file query28.cif (mmCIF, C-alpha atoms)
data_protein
loop_
_atom_site.label_atom_id
_atom_site.label_comp_id
_atom_site.auth_asym_id
_atom_site.auth_seq_id
_atom_site.Cartn_x
_atom_site.Cartn_y
_atom_site.Cartn_z
CA MET A 181 0.00 0.00 0.00
CA SER A 182 1.41 3.39 -0.95
CA ALA A 183 1.55 6.45 1.24
CA PRO A 184 -1.35 8.87 0.93
CA LYS A 185 -0.95 11.74 -1.50
CA HIS A 186 -0.77 15.27 -0.12
CA SER A 187 -1.68 18.41 -2.04
CA THR A 188 0.53 21.29 -1.05
CA ARG A 189 0.53 24.85 -2.39
CA VAL A 190 3.98 26.36 -2.89
CA THR A 191 5.34 29.52 -4.48
CA ILE A 192 8.44 29.47 -6.66
CA CYS A 193 9.63 32.73 -8.22
CA GLY A 194 6.28 34.37 -7.59
CA GLU A 195 4.33 31.59 -9.30
CA GLU A 196 1.98 29.46 -7.23
CA TYR A 197 1.88 25.69 -7.74
CA THR A 198 -0.18 22.92 -6.19
CA LEU A 199 1.96 19.82 -5.86
CA ARG A 200 0.46 16.40 -5.25
CA THR A 201 3.03 14.07 -3.74
CA ASP A 202 3.68 11.29 -1.24
CA ALA A 203 6.00 13.62 0.69
CA SER A 204 4.73 15.49 3.73
CA PRO A 205 3.59 19.08 3.17
CA GLU A 206 6.53 20.29 5.30
CA ARG A 207 9.03 18.43 3.14
CA THR A 208 7.36 19.63 -0.07
CA ARG A 209 7.49 23.25 1.13
CA ALA A 210 11.16 22.86 2.13
CA ILE A 211 12.04 21.45 -1.30
CA ALA A 212 10.12 24.22 -3.07
CA ALA A 213 11.87 26.84 -0.92
CA HIS A 214 15.24 25.33 -1.86
CA VAL A 215 14.38 25.48 -5.57
CA ASP A 216 13.08 29.05 -5.19
CA ARG A 217 16.33 30.11 -3.43
CA ALA A 218 18.47 28.43 -6.09
CA ILE A 219 16.61 30.20 -8.92
CA ARG A 220 16.73 33.54 -7.13
CA ASP A 221 20.46 33.09 -6.46
CA VAL A 222 21.06 32.54 -10.17
CA MET A 223 18.92 35.52 -11.07
CA GLY A 224 20.74 37.70 -8.54
CA SER A 225 24.28 36.68 -9.38
CA ALA A 226 24.20 36.45 -13.16
CA ALA A 227 22.99 38.45 -16.09
CA VAL A 228 20.02 36.09 -16.33
CA VAL A 229 16.68 37.86 -16.20
CA GLU A 230 14.41 35.25 -17.71
CA SER A 231 13.10 32.93 -15.02
CA HIS A 232 13.00 29.86 -17.26
CA LYS A 233 16.72 30.23 -18.03
CA ALA A 234 17.46 30.82 -14.36
CA ALA A 235 15.46 27.68 -13.54
CA ILE A 236 17.58 25.63 -15.94
CA LEU A 237 20.82 26.98 -14.44
CA ALA A 238 19.48 26.37 -10.92
CA ALA A 239 18.53 22.81 -11.89
CA LEU A 240 22.08 22.25 -13.15
CA SER A 241 23.49 23.58 -9.88
CA ILE A 242 21.16 21.44 -7.76
CA THR A 243 21.98 18.38 -9.87
CA ASP A 244 25.70 19.06 -9.49
CA ASP A 245 25.20 19.13 -5.70
CA LEU A 246 23.29 15.83 -5.91
CA PHE A 247 26.04 14.16 -7.94
CA LYS A 248 28.70 15.38 -5.50
CA GLU A 249 26.72 13.96 -2.58
CA ARG A 250 26.31 10.62 -4.35
CA GLU A 251 30.03 10.47 -5.10
CA GLY A 252 30.80 11.32 -1.48
CA ARG A 253 28.42 8.63 -0.24
CA ALA A 254 30.05 6.08 -2.56
CA GLU A 255 33.50 7.04 -1.21
CA VAL A 256 32.29 6.66 2.39
CA GLY A 257 30.84 3.24 1.53
CA LYS A 258 34.11 2.18 -0.07
CA SER A 259 36.07 3.35 2.99
CA MET A 260 33.68 1.56 5.34
CA ARG A 261 34.04 -1.71 3.41
CA ALA A 262 37.83 -1.41 3.50
CA LEU A 263 37.78 -0.67 7.24
CA SER A 264 35.42 -3.58 7.86
CA SER A 265 37.73 -5.94 5.98
CA GLU A 266 40.69 -4.68 7.98
CA LEU A 267 38.88 -5.08 11.30
CA ARG A 268 37.62 -8.53 10.35
CA ARG A 269 41.23 -9.72 10.13
CA TRP A 270 41.70 -8.88 13.82
CA LEU A 271 38.73 -10.97 14.95
CA PRO A 272 39.01 -14.62 15.95
CA PRO A 273 38.10 -16.88 12.97
CA GLY A 274 34.81 -17.94 14.52
CA LYS A 275 33.69 -14.30 14.90
CA ARG A 276 34.60 -13.07 11.41
CA GLY A 277 31.34 -13.93 9.71
CA GLY A 278 30.95 -13.96 5.94
CA ALA A 279 33.04 -11.76 3.70
CA THR A 280 31.19 -8.78 2.22
#
call {"tool": "encode", "arguments": {"input": "query28.cif", "output": "structure tokens"}}
result
Amino acid sequence: MSAPKHSTRVTICGEEYTLRTDASPERTRAIAAHVDRAIRDVMGSAAVVESHKAAILAALSITDDLFKEREGRAEVGKSMRALSSELRRWLPPGKRGGAT
């Protein structure tokens, strides 16, 4: 059974949207606020006046942040696996468990 859908009204760059999503209204508003800030940052720091172009540049920036986080998470996972393998060597054979 899926989570109930929530309809949440948000404003992004002065435009009002009603979003229907599984996410809580608080989460939806937080995400919309993040997108609004990103677009406004682009509009304020560049010679971009058109909101649709600013939205594309903001989407690229947000996606870059996402990719960096994913890469960081993959590195942490790799480090944790290496550390786990190293620690497993120090355990008595009966306590080592299966290799992962």
call {"tool": "atom_distance", "arguments": {"input": "query28.cif", "atom1": "CA of Met223 (chain A)", "atom2": "CA of Arg207 (chain A)"}}
result
24.3 Å
call {"tool": "atom_distance", "arguments": {"input": "query28.cif", "atom1": "CA of Leu237 (chain A)", "atom2": "CA of Ile192 (chain A)"}}
result
14.8 Å
call {"tool": "residues_around", "arguments": {"input": "query28.cif", "residues": "Ser187 (chain A)", "least_positions_apart": "6", "cutoff": "9 Å", "atoms": "only C-alpha atoms", "output": "ChimeraX atom specification"}}
result
/A:198-202,205
call {"tool": "write_last_selection", "arguments": {"input": "query28.cif", "atoms": "C-alpha atoms", "output": "short mmCIF file (atom, residue, chain, number, x, y, z; two decimals), keeping the file's coordinate frame"}}
result
data_model
loop_
_atom_site.label_atom_id
_atom_site.label_comp_id
_atom_site.auth_asym_id
_atom_site.auth_seq_id
_atom_site.Cartn_x
_atom_site.Cartn_y
_atom_site.Cartn_z
CA THR A 198 -0.18 22.92 -6.19
CA LEU A 199 1.96 19.82 -5.86
CA ARG A 200 0.46 16.40 -5.25
CA THR A 201 3.03 14.07 -3.74
CA ASP A 202 3.68 11.29 -1.24
CA PRO A 205 3.59 19.08 3.17
#
call {"tool": "residues_near_point", "arguments": {"input": "query28.cif", "point": "(8.0, 29.3, -4.8)", "cutoff": "9 Å", "atoms": "all atoms listed in the file", "output": "PyMOL selection string"}}
result
chain A and resi 190-197+209+212-217
call {"tool": "write_last_selection", "arguments": {"input": "query28.cif", "atoms": "C-alpha atoms", "output": "mmCIF file, keeping the file's coordinate frame"}}
result
data_model
loop_
_atom_site.group_PDB
_atom_site.id
_atom_site.type_symbol
_atom_site.label_atom_id
_atom_site.label_comp_id
_atom_site.auth_asym_id
_atom_site.auth_seq_id
_atom_site.Cartn_x
_atom_site.Cartn_y
_atom_site.Cartn_z
ATOM 1 C CA VAL A 190 3.980 26.360 -2.890
ATOM 2 C CA THR A 191 5.340 29.520 -4.480
ATOM 3 C CA ILE A 192 8.440 29.470 -6.660
ATOM 4 C CA CYS A 193 9.630 32.730 -8.220
ATOM 5 C CA GLY A 194 6.280 34.370 -7.590
ATOM 6 C CA GLU A 195 4.330 31.590 -9.300
ATOM 7 C CA GLU A 196 1.980 29.460 -7.230
ATOM 8 C CA TYR A 197 1.880 25.690 -7.740
ATOM 9 C CA ARG A 209 7.490 23.250 1.130
ATOM 10 C CA ALA A 212 10.120 24.220 -3.070
ATOM 11 C CA ALA A 213 11.870 26.840 -0.920
ATOM 12 C CA HIS A 214 15.240 25.330 -1.860
ATOM 13 C CA VAL A 215 14.380 25.480 -5.570
ATOM 14 C CA ASP A 216 13.080 29.050 -5.190
ATOM 15 C CA ARG A 217 16.330 30.110 -3.430
#
call {"tool": "closest_residue", "arguments": {"input": "query28.cif", "among": "A:Leu246, A:Ile219, A:Ile236, A:Ala203", "to": "His186 (chain A)", "atoms": "all atoms listed in the file"}}
result
A:Ala203
call {"tool": "atom_distance", "arguments": {"input": "query28.cif", "atom1": "CA of Thr188 (chain A)", "atom2": "CA of Asp244 (chain A)"}}
result
26.6 Å
